[in-house]
$ cat upload31.cif   # mmCIF, N, CA and C atoms
data_coords
loop_
_atom_site.label_atom_id
_atom_site.label_comp_id
_atom_site.auth_asym_id
_atom_site.auth_seq_id
_atom_site.Cartn_x
_atom_site.Cartn_y
_atom_site.Cartn_z
N MET A 25 53.02 125.31 -9.71
CA MET A 25 53.96 125.38 -10.80
C MET A 25 53.40 124.71 -12.05
N GLY A 26 52.69 123.61 -11.89
CA GLY A 26 52.12 122.87 -13.01
C GLY A 26 51.04 123.67 -13.72
N ILE A 27 50.24 124.41 -12.94
CA ILE A 27 49.16 125.21 -13.53
C ILE A 27 49.77 126.36 -14.34
N LEU A 28 50.84 126.95 -13.85
CA LEU A 28 51.51 128.02 -14.56
C LEU A 28 52.07 127.53 -15.90
N ALA A 29 52.63 126.35 -15.92
CA ALA A 29 53.17 125.78 -17.17
C ALA A 29 52.04 125.52 -18.17
N VAL A 30 50.91 125.03 -17.69
CA VAL A 30 49.75 124.78 -18.56
C VAL A 30 49.24 126.09 -19.13
N LEU A 31 49.15 127.14 -18.31
CA LEU A 31 48.70 128.45 -18.79
C LEU A 31 49.66 129.03 -19.83
N VAL A 32 50.95 128.87 -19.62
CA VAL A 32 51.94 129.38 -20.58
C VAL A 32 51.80 128.63 -21.92
N VAL A 33 51.64 127.32 -21.86
CA VAL A 33 51.49 126.53 -23.08
C VAL A 33 50.20 126.92 -23.80
N LEU A 34 49.12 127.10 -23.06
CA LEU A 34 47.86 127.52 -23.68
C LEU A 34 47.97 128.91 -24.31
N LEU A 35 48.67 129.81 -23.65
CA LEU A 35 48.88 131.15 -24.19
C LEU A 35 49.71 131.12 -25.48
N VAL A 36 50.74 130.29 -25.50
CA VAL A 36 51.57 130.15 -26.70
C VAL A 36 50.74 129.56 -27.84
N LEU A 37 49.92 128.57 -27.53
CA LEU A 37 49.05 127.98 -28.55
C LEU A 37 48.04 129.00 -29.07
N LEU A 38 47.51 129.83 -28.20
CA LEU A 38 46.57 130.87 -28.62
C LEU A 38 47.25 131.87 -29.55
N LEU A 39 48.46 132.30 -29.20
CA LEU A 39 49.19 133.23 -30.05
C LEU A 39 49.54 132.61 -31.40
N ALA A 40 49.94 131.34 -31.41
CA ALA A 40 50.27 130.68 -32.67
C ALA A 40 49.04 130.54 -33.56
N SER A 41 47.91 130.18 -32.99
CA SER A 41 46.70 130.04 -33.80
C SER A 41 46.21 131.39 -34.30
N THR A 42 46.36 132.44 -33.48
CA THR A 42 45.99 133.78 -33.92
C THR A 42 46.87 134.24 -35.07
N TRP A 43 48.17 133.99 -34.97
CA TRP A 43 49.09 134.36 -36.04
C TRP A 43 48.77 133.61 -37.33
N SER A 44 48.52 132.33 -37.22
CA SER A 44 48.19 131.52 -38.39
C SER A 44 46.89 131.99 -39.05
N SER A 45 45.92 132.30 -38.24
CA SER A 45 44.63 132.77 -38.76
C SER A 45 44.78 134.12 -39.46
N ALA A 46 45.55 135.01 -38.87
CA ALA A 46 45.75 136.33 -39.49
C ALA A 46 46.52 136.20 -40.81
N LYS A 47 47.51 135.33 -40.85
CA LYS A 47 48.28 135.12 -42.07
C LYS A 47 47.40 134.54 -43.17
N SER A 48 46.56 133.59 -42.83
CA SER A 48 45.65 132.98 -43.80
C SER A 48 44.63 133.99 -44.30
N TYR A 49 44.11 134.80 -43.40
CA TYR A 49 43.13 135.83 -43.77
C TYR A 49 43.75 136.85 -44.72
N PHE A 50 44.99 137.25 -44.46
CA PHE A 50 45.69 138.20 -45.32
C PHE A 50 45.92 137.61 -46.70
N ALA A 51 46.36 136.35 -46.77
CA ALA A 51 46.62 135.71 -48.06
C ALA A 51 45.33 135.54 -48.85
N LYS A 52 44.25 135.20 -48.18
CA LYS A 52 42.95 135.04 -48.85
C LYS A 52 42.48 136.38 -49.42
N GLY A 53 42.63 137.44 -48.68
CA GLY A 53 42.26 138.77 -49.15
C GLY A 53 43.14 139.24 -50.30
N ARG A 54 44.42 138.92 -50.23
CA ARG A 54 45.34 139.29 -51.31
C ARG A 54 44.96 138.57 -52.60
N LEU A 55 44.65 137.30 -52.52
CA LEU A 55 44.27 136.53 -53.70
C LEU A 55 42.95 137.04 -54.27
N SER A 56 42.00 137.35 -53.42
CA SER A 56 40.72 137.89 -53.88
C SER A 56 40.92 139.24 -54.57
N GLY A 57 41.78 140.08 -54.02
CA GLY A 57 42.07 141.37 -54.63
C GLY A 57 42.73 141.23 -55.98
N MET A 58 43.64 140.26 -56.10
CA MET A 58 44.29 140.01 -57.38
C MET A 58 43.28 139.56 -58.43
N GLU A 59 42.37 138.70 -58.03
CA GLU A 59 41.35 138.22 -58.96
C GLU A 59 40.44 139.36 -59.41
N GLU A 60 40.03 140.20 -58.49
CA GLU A 60 39.15 141.32 -58.83
C GLU A 60 39.86 142.32 -59.74
N ALA A 61 41.11 142.61 -59.44
CA ALA A 61 41.87 143.54 -60.28
C ALA A 61 42.08 142.98 -61.68
N THR A 62 42.30 141.68 -61.78
CA THR A 62 42.49 141.05 -63.08
C THR A 62 41.23 141.15 -63.93
N LEU A 63 40.08 140.94 -63.32
CA LEU A 63 38.84 141.05 -64.08
C LEU A 63 38.61 142.47 -64.57
N GLU A 64 38.98 143.46 -63.76
CA GLU A 64 38.87 144.85 -64.19
C GLU A 64 39.84 145.17 -65.32
N ILE A 65 41.04 144.62 -65.25
CA ILE A 65 42.02 144.83 -66.31
C ILE A 65 41.54 144.21 -67.61
N ILE A 66 41.00 143.01 -67.53
CA ILE A 66 40.49 142.34 -68.73
C ILE A 66 39.39 143.17 -69.36
N ARG A 67 38.50 143.67 -68.55
CA ARG A 67 37.39 144.48 -69.04
C ARG A 67 37.89 145.78 -69.70
N GLY A 68 38.91 146.37 -69.15
CA GLY A 68 39.38 147.65 -69.66
C GLY A 68 40.33 147.56 -70.84
N VAL A 69 41.08 146.47 -70.94
CA VAL A 69 42.11 146.39 -71.97
C VAL A 69 41.60 145.75 -73.26
N CYS A 70 40.39 145.24 -73.26
CA CYS A 70 39.84 144.58 -74.45
C CYS A 70 39.87 145.49 -75.67
N SER A 71 39.60 146.75 -75.50
CA SER A 71 39.56 147.66 -76.64
C SER A 71 40.93 147.87 -77.26
N HIS A 72 41.99 147.55 -76.55
CA HIS A 72 43.32 147.77 -77.07
C HIS A 72 43.84 146.63 -77.93
N TYR A 73 43.29 145.43 -77.77
CA TYR A 73 43.78 144.33 -78.59
C TYR A 73 42.72 143.76 -79.52
N GLU A 74 41.47 144.12 -79.36
CA GLU A 74 40.43 143.63 -80.25
C GLU A 74 40.33 144.56 -81.46
N GLN A 75 40.08 143.96 -82.60
CA GLN A 75 39.90 144.72 -83.82
C GLN A 75 38.53 144.40 -84.39
N ALA A 76 37.89 145.40 -84.97
CA ALA A 76 36.56 145.20 -85.53
C ALA A 76 36.63 144.22 -86.69
N GLY A 77 35.75 143.24 -86.68
CA GLY A 77 35.67 142.28 -87.76
C GLY A 77 36.69 141.17 -87.68
N GLN A 78 37.54 141.15 -86.65
CA GLN A 78 38.54 140.10 -86.51
C GLN A 78 38.36 139.40 -85.18
N ALA A 79 38.67 138.13 -85.18
CA ALA A 79 38.57 137.35 -83.94
C ALA A 79 39.74 137.68 -83.03
N THR A 80 39.52 137.51 -81.75
CA THR A 80 40.58 137.70 -80.77
C THR A 80 41.64 136.62 -80.99
N PRO A 81 42.92 136.96 -80.92
CA PRO A 81 43.96 135.94 -81.11
C PRO A 81 43.82 134.78 -80.13
N ASP A 82 44.18 133.59 -80.57
CA ASP A 82 44.02 132.39 -79.75
C ASP A 82 44.81 132.45 -78.46
N TYR A 83 46.04 132.96 -78.53
CA TYR A 83 46.86 133.01 -77.33
C TYR A 83 46.29 133.96 -76.29
N VAL A 84 45.60 135.01 -76.72
CA VAL A 84 44.95 135.92 -75.77
C VAL A 84 43.74 135.23 -75.14
N THR A 85 42.96 134.55 -75.96
CA THR A 85 41.79 133.85 -75.45
C THR A 85 42.19 132.79 -74.42
N LYS A 86 43.25 132.04 -74.71
CA LYS A 86 43.72 131.01 -73.77
C LYS A 86 44.22 131.64 -72.47
N ALA A 87 44.93 132.75 -72.57
CA ALA A 87 45.46 133.41 -71.37
C ALA A 87 44.34 133.97 -70.52
N VAL A 88 43.32 134.56 -71.15
CA VAL A 88 42.19 135.09 -70.39
C VAL A 88 41.43 133.97 -69.72
N GLU A 89 41.22 132.87 -70.43
CA GLU A 89 40.52 131.72 -69.83
C GLU A 89 41.31 131.12 -68.69
N ALA A 90 42.63 131.06 -68.82
CA ALA A 90 43.47 130.52 -67.74
C ALA A 90 43.38 131.37 -66.49
N VAL A 91 43.29 132.67 -66.67
CA VAL A 91 43.22 133.56 -65.51
C VAL A 91 41.82 133.54 -64.88
N THR A 92 40.77 133.54 -65.71
CA THR A 92 39.42 133.61 -65.17
C THR A 92 38.94 132.29 -64.60
N THR A 93 39.49 131.17 -65.05
CA THR A 93 39.05 129.87 -64.55
C THR A 93 39.98 129.32 -63.48
N PHE A 94 40.70 130.18 -62.83
CA PHE A 94 41.65 129.76 -61.79
C PHE A 94 40.89 129.17 -60.62
N ALA A 95 41.27 127.98 -60.21
CA ALA A 95 40.64 127.32 -59.06
C ALA A 95 41.64 127.24 -57.91
N ARG A 96 41.15 127.52 -56.74
CA ARG A 96 41.99 127.45 -55.54
C ARG A 96 42.01 126.02 -55.06
N ARG A 97 43.15 125.38 -55.21
CA ARG A 97 43.26 123.99 -54.79
C ARG A 97 44.18 123.85 -53.59
N ALA A 98 45.26 124.57 -53.61
CA ALA A 98 46.27 124.42 -52.55
C ALA A 98 46.07 125.51 -51.50
N THR A 99 47.07 125.69 -50.69
CA THR A 99 47.02 126.75 -49.69
C THR A 99 47.01 128.09 -50.41
N TYR A 100 46.67 129.12 -49.70
CA TYR A 100 46.56 130.44 -50.31
C TYR A 100 47.91 130.96 -50.77
N GLU A 101 48.97 130.66 -50.05
CA GLU A 101 50.30 131.13 -50.46
C GLU A 101 50.69 130.50 -51.80
N LYS A 102 50.48 129.20 -51.94
CA LYS A 102 50.79 128.54 -53.20
C LYS A 102 49.86 129.01 -54.31
N SER A 103 48.62 129.27 -53.97
CA SER A 103 47.67 129.77 -54.97
C SER A 103 48.08 131.13 -55.49
N ILE A 104 48.62 131.97 -54.61
CA ILE A 104 49.07 133.30 -55.04
C ILE A 104 50.20 133.16 -56.04
N TYR A 105 51.16 132.27 -55.78
CA TYR A 105 52.26 132.09 -56.72
C TYR A 105 51.78 131.53 -58.06
N ARG A 106 50.85 130.60 -58.01
CA ARG A 106 50.31 130.05 -59.25
C ARG A 106 49.52 131.11 -60.02
N TYR A 107 48.78 131.92 -59.31
CA TYR A 107 48.01 132.98 -59.96
C TYR A 107 48.93 134.02 -60.58
N GLN A 108 50.02 134.35 -59.90
CA GLN A 108 50.98 135.30 -60.45
C GLN A 108 51.61 134.76 -61.73
N ALA A 109 51.89 133.47 -61.78
CA ALA A 109 52.45 132.89 -63.00
C ALA A 109 51.47 133.01 -64.15
N ARG A 110 50.19 132.80 -63.89
CA ARG A 110 49.19 132.95 -64.93
C ARG A 110 49.05 134.41 -65.34
N LEU A 111 49.22 135.32 -64.40
CA LEU A 111 49.15 136.75 -64.73
C LEU A 111 50.32 137.17 -65.62
N TRP A 112 51.49 136.58 -65.42
CA TRP A 112 52.63 136.90 -66.28
C TRP A 112 52.35 136.46 -67.71
N ILE A 113 51.78 135.27 -67.87
CA ILE A 113 51.44 134.77 -69.20
C ILE A 113 50.37 135.66 -69.82
N PHE A 114 49.39 136.04 -69.01
CA PHE A 114 48.31 136.91 -69.48
C PHE A 114 48.87 138.26 -69.93
N GLY A 115 49.74 138.86 -69.15
CA GLY A 115 50.34 140.14 -69.51
C GLY A 115 51.16 140.06 -70.78
N ASP A 116 51.88 138.97 -70.94
CA ASP A 116 52.67 138.78 -72.15
C ASP A 116 51.76 138.66 -73.37
N ALA A 117 50.67 137.91 -73.25
CA ALA A 117 49.74 137.74 -74.37
C ALA A 117 49.06 139.06 -74.73
N ILE A 118 48.63 139.82 -73.74
CA ILE A 118 47.97 141.10 -73.99
C ILE A 118 48.97 142.08 -74.63
N GLY A 119 50.19 142.12 -74.12
CA GLY A 119 51.21 143.00 -74.69
C GLY A 119 51.50 142.67 -76.14
N ALA A 120 51.61 141.38 -76.45
CA ALA A 120 51.89 140.98 -77.83
C ALA A 120 50.72 141.34 -78.74
N ALA A 121 49.49 141.14 -78.27
CA ALA A 121 48.32 141.46 -79.09
C ALA A 121 48.21 142.97 -79.32
N CYS A 122 48.47 143.76 -78.29
CA CYS A 122 48.41 145.22 -78.45
C CYS A 122 49.51 145.70 -79.39
N TRP A 123 50.70 145.13 -79.27
CA TRP A 123 51.78 145.51 -80.17
C TRP A 123 51.42 145.14 -81.61
N ARG A 124 50.86 143.95 -81.80
CA ARG A 124 50.48 143.51 -83.14
C ARG A 124 49.44 144.45 -83.75
N ARG A 125 48.45 144.85 -82.96
CA ARG A 125 47.43 145.76 -83.47
C ARG A 125 48.03 147.10 -83.86
N GLY A 126 48.89 147.65 -83.01
CA GLY A 126 49.54 148.92 -83.32
C GLY A 126 50.44 148.82 -84.54
N TYR A 127 51.13 147.70 -84.67
CA TYR A 127 52.00 147.49 -85.82
C TYR A 127 51.19 147.42 -87.11
N GLU A 128 50.07 146.71 -87.07
CA GLU A 128 49.23 146.59 -88.27
C GLU A 128 48.64 147.96 -88.66
N ILE A 129 48.22 148.74 -87.67
CA ILE A 129 47.66 150.07 -87.96
C ILE A 129 48.74 150.97 -88.56
N CYS A 130 49.92 150.95 -87.98
CA CYS A 130 51.01 151.77 -88.50
C CYS A 130 51.42 151.31 -89.89
N LYS A 131 51.46 150.02 -90.10
CA LYS A 131 51.82 149.48 -91.40
C LYS A 131 50.81 149.91 -92.46
N ALA A 132 49.53 149.93 -92.10
CA ALA A 132 48.49 150.36 -93.04
C ALA A 132 48.63 151.86 -93.34
N GLN A 133 49.01 152.66 -92.36
CA GLN A 133 49.17 154.09 -92.58
C GLN A 133 50.42 154.41 -93.38
N MET A 134 51.45 153.60 -93.25
CA MET A 134 52.71 153.87 -93.92
C MET A 134 52.78 153.33 -95.34
N THR A 135 51.84 152.49 -95.75
CA THR A 135 51.90 151.95 -97.10
C THR A 135 51.62 153.06 -98.11
N PRO A 136 52.31 153.03 -99.23
CA PRO A 136 52.05 154.05 -100.24
C PRO A 136 50.66 153.86 -100.85
N PRO A 137 50.08 154.90 -101.38
CA PRO A 137 48.75 154.76 -101.96
C PRO A 137 48.78 153.84 -103.19
N ARG A 138 47.65 153.24 -103.46
CA ARG A 138 47.55 152.36 -104.63
C ARG A 138 47.71 153.19 -105.90
N ASP A 139 47.84 152.51 -107.01
CA ASP A 139 48.07 153.20 -108.29
C ASP A 139 46.91 154.10 -108.69
N ASP A 140 45.69 153.72 -108.31
CA ASP A 140 44.55 154.54 -108.71
C ASP A 140 44.20 155.62 -107.69
N LYS A 141 45.02 155.79 -106.66
CA LYS A 141 44.77 156.80 -105.62
C LYS A 141 45.95 157.77 -105.57
N ILE A 142 45.66 159.00 -105.18
CA ILE A 142 46.69 160.01 -104.99
C ILE A 142 46.64 160.44 -103.53
N HIS A 143 47.78 160.48 -102.89
CA HIS A 143 47.88 160.89 -101.49
C HIS A 143 48.51 162.28 -101.45
N VAL A 144 47.75 163.24 -100.89
CA VAL A 144 48.23 164.61 -100.78
C VAL A 144 48.33 164.96 -99.31
N ALA A 145 49.52 165.36 -98.86
CA ALA A 145 49.74 165.74 -97.48
C ALA A 145 49.97 167.23 -97.43
N LEU A 146 49.04 167.96 -96.83
CA LEU A 146 49.15 169.41 -96.72
C LEU A 146 49.18 169.81 -95.26
N SER A 147 49.94 170.84 -94.96
CA SER A 147 49.94 171.36 -93.60
C SER A 147 48.71 172.22 -93.40
N LEU A 148 48.47 172.64 -92.17
CA LEU A 148 47.31 173.49 -91.88
C LEU A 148 47.42 174.82 -92.58
N ASN A 149 48.62 175.37 -92.71
CA ASN A 149 48.80 176.66 -93.40
C ASN A 149 48.47 176.56 -94.88
N ASP A 150 48.84 175.43 -95.51
CA ASP A 150 48.57 175.24 -96.93
C ASP A 150 47.08 175.06 -97.21
N LEU A 151 46.37 174.48 -96.25
CA LEU A 151 44.93 174.28 -96.44
C LEU A 151 44.21 175.60 -96.37
#
$ encode --input "upload31.cif" --output "C-alpha cells"
Amino acid sequence: MGILAVLVVLLVLLLASTWSSAKSYFAKGRLSGMEEATLEIIRGVCSHYEQAGQATPDYVTKAVEAVTTFARRATYEKSIYRYQARLWIFGDAIGAACWRRGYEICKAQMTPPRDDKIHVALSLNDL
C-alpha cells in the first residue's frame, strides 16, 4: 500500500511539472512572437509617419525605444502583460504620428494658392 501511494504522488508530481513546463514554454513562445511581430511592424510602418527632411517625432522615438529595449525580468506571464502595455503606447504614438502626417498633407493641398500663383482645376474631358 505504501509503494502505491508513493507511485501516485510521483505521478502527480510528474503531471504537475509537465503542465508547468508546457505553460512556461507556451508563454515564452508567445512573448517571442510578439517581439518579432513588433519589429516587423516597426520596419513596415516607418514610411507612414516619417517625412522627408523632418525628424521623427519624439513621442514616436520614445515608444519605439521602449518596445525594442524591453527586458524580460519577471515571469513570462507578467512580461507579456508589460509588453502589451508598451505596445498600446507604441500603437497610440504611431497612430498619432500617421494622423498628423495625413493632416499636414491634406492641409497643404487644401490651402488656396499664393497671390503670385493661379490654380486651375480641369476635368479629364476639359483637358
$ closest_atom_pairs --input "upload31.cif" --of "range 38-99 of chain A" --to "range 114-137 of chain A" --cutoff "6 Å" --atoms "all atoms listed in the file" --output "JSON lines"
{"residue": "A:His72", "atom": "C", "partner": "A:Cys122", "partner_atom": "CA", "distance": 4.8}
{"residue": "A:Tyr73", "atom": "CA", "partner": "A:Ala121", "partner_atom": "C", "distance": 4.7}
{"residue": "A:Tyr83", "atom": "C", "partner": "A:Ala117", "partner_atom": "CA", "distance": 5.5}
{"residue": "A:Val84", "atom": "CA", "partner": "A:Ala117", "partner_atom": "C", "distance": 5.3}
{"residue": "A:Ala87", "atom": "CA", "partner": "A:Phe114", "partner_atom": "CA", "distance": 4.9}
{"residue": "A:Val88", "atom": "N", "partner": "A:Phe114", "partner_atom": "CA", "distance": 5.8}
$ axis_aligned_box --input "upload31.cif" --around "range 142-151 of chain A" --padding-each-side "4 Å" --output "lines of an AutoDock Vina configuration file"
center_x = 47.1
center_y = 167.8
center_z = -98.5
size_x = 13.8
size_y = 25.7
size_z = 21.3
$ atom_distance --input "upload31.cif" --atom1 "CA of Ala46 in chain A" --atom2 "CA of Lys102 in chain A"
16.6 Å
$ atom_distance --input "upload31.cif" --atom1 "CA of Ile65 in chain A" --atom2 "CA of Leu111 in chain A"
10.9 Å
$ closest_residue --input "upload31.cif" --among "A:Gly26, A:Ile104, A:Gln78, A:Cys70" --to "Ala51 in chain A" --atoms "all atoms listed in the file"
A:Ile104
$ atom_distance --input "upload31.cif" --atom1 "CA of Ser71 in chain A" --atom2 "atom C of Arg54 in chain A"
26.3 Å
$ residues_around --input "upload31.cif" --residues "Lys86 in chain A" --least-positions-apart "5" --cutoff "8 Å" --atoms "all atoms listed in the file" --output "PyMOL selection string"
chain A and resi 80-81+91-92+113-114
$ select_by_dssp --input "upload31.cif" --residues "range 29-110 of chain A" --states "alpha helix (DSSP H)" --output "ChimeraX atom specification"
/A:29-73,82-92,100-110
$ decode --input "upload31.cif" --residues "range 40-60 of chain A" --atoms "C-alpha atoms" --output "short mmCIF file (atom, residue, chain, number, x, y, z; two decimals), in the first residue's frame"
data_model
loop_
_atom_site.label_atom_id
_atom_site.label_comp_id
_atom_site.auth_asym_id
_atom_site.auth_seq_id
_atom_site.Cartn_x
_atom_site.Cartn_y
_atom_site.Cartn_z
CA ALA A 40 2.29 19.00 -12.40
CA SER A 41 5.85 19.60 -13.61
CA THR A 42 4.87 18.70 -17.18
CA TRP A 43 1.94 21.14 -17.06
CA SER A 44 4.12 23.90 -15.63
CA SER A 45 6.80 23.33 -18.24
CA ALA A 46 4.30 23.39 -21.10
CA LYS A 47 2.70 26.58 -19.78
CA SER A 48 6.09 28.27 -19.48
CA TYR A 49 7.12 27.13 -22.96
CA PHE A 50 3.88 28.50 -24.44
CA ALA A 51 4.29 31.87 -22.69
CA LYS A 52 7.92 32.14 -23.81
CA GLY A 53 6.94 31.42 -27.42
CA ARG A 54 4.08 33.90 -27.25
CA LEU A 55 6.38 36.66 -25.98
CA SER A 56 8.98 35.88 -28.64
CA GLY A 57 6.31 36.01 -31.34
CA MET A 58 5.06 39.35 -30.06
CA GLU A 59 8.57 40.76 -30.14
CA GLU A 60 9.19 39.52 -33.67
#
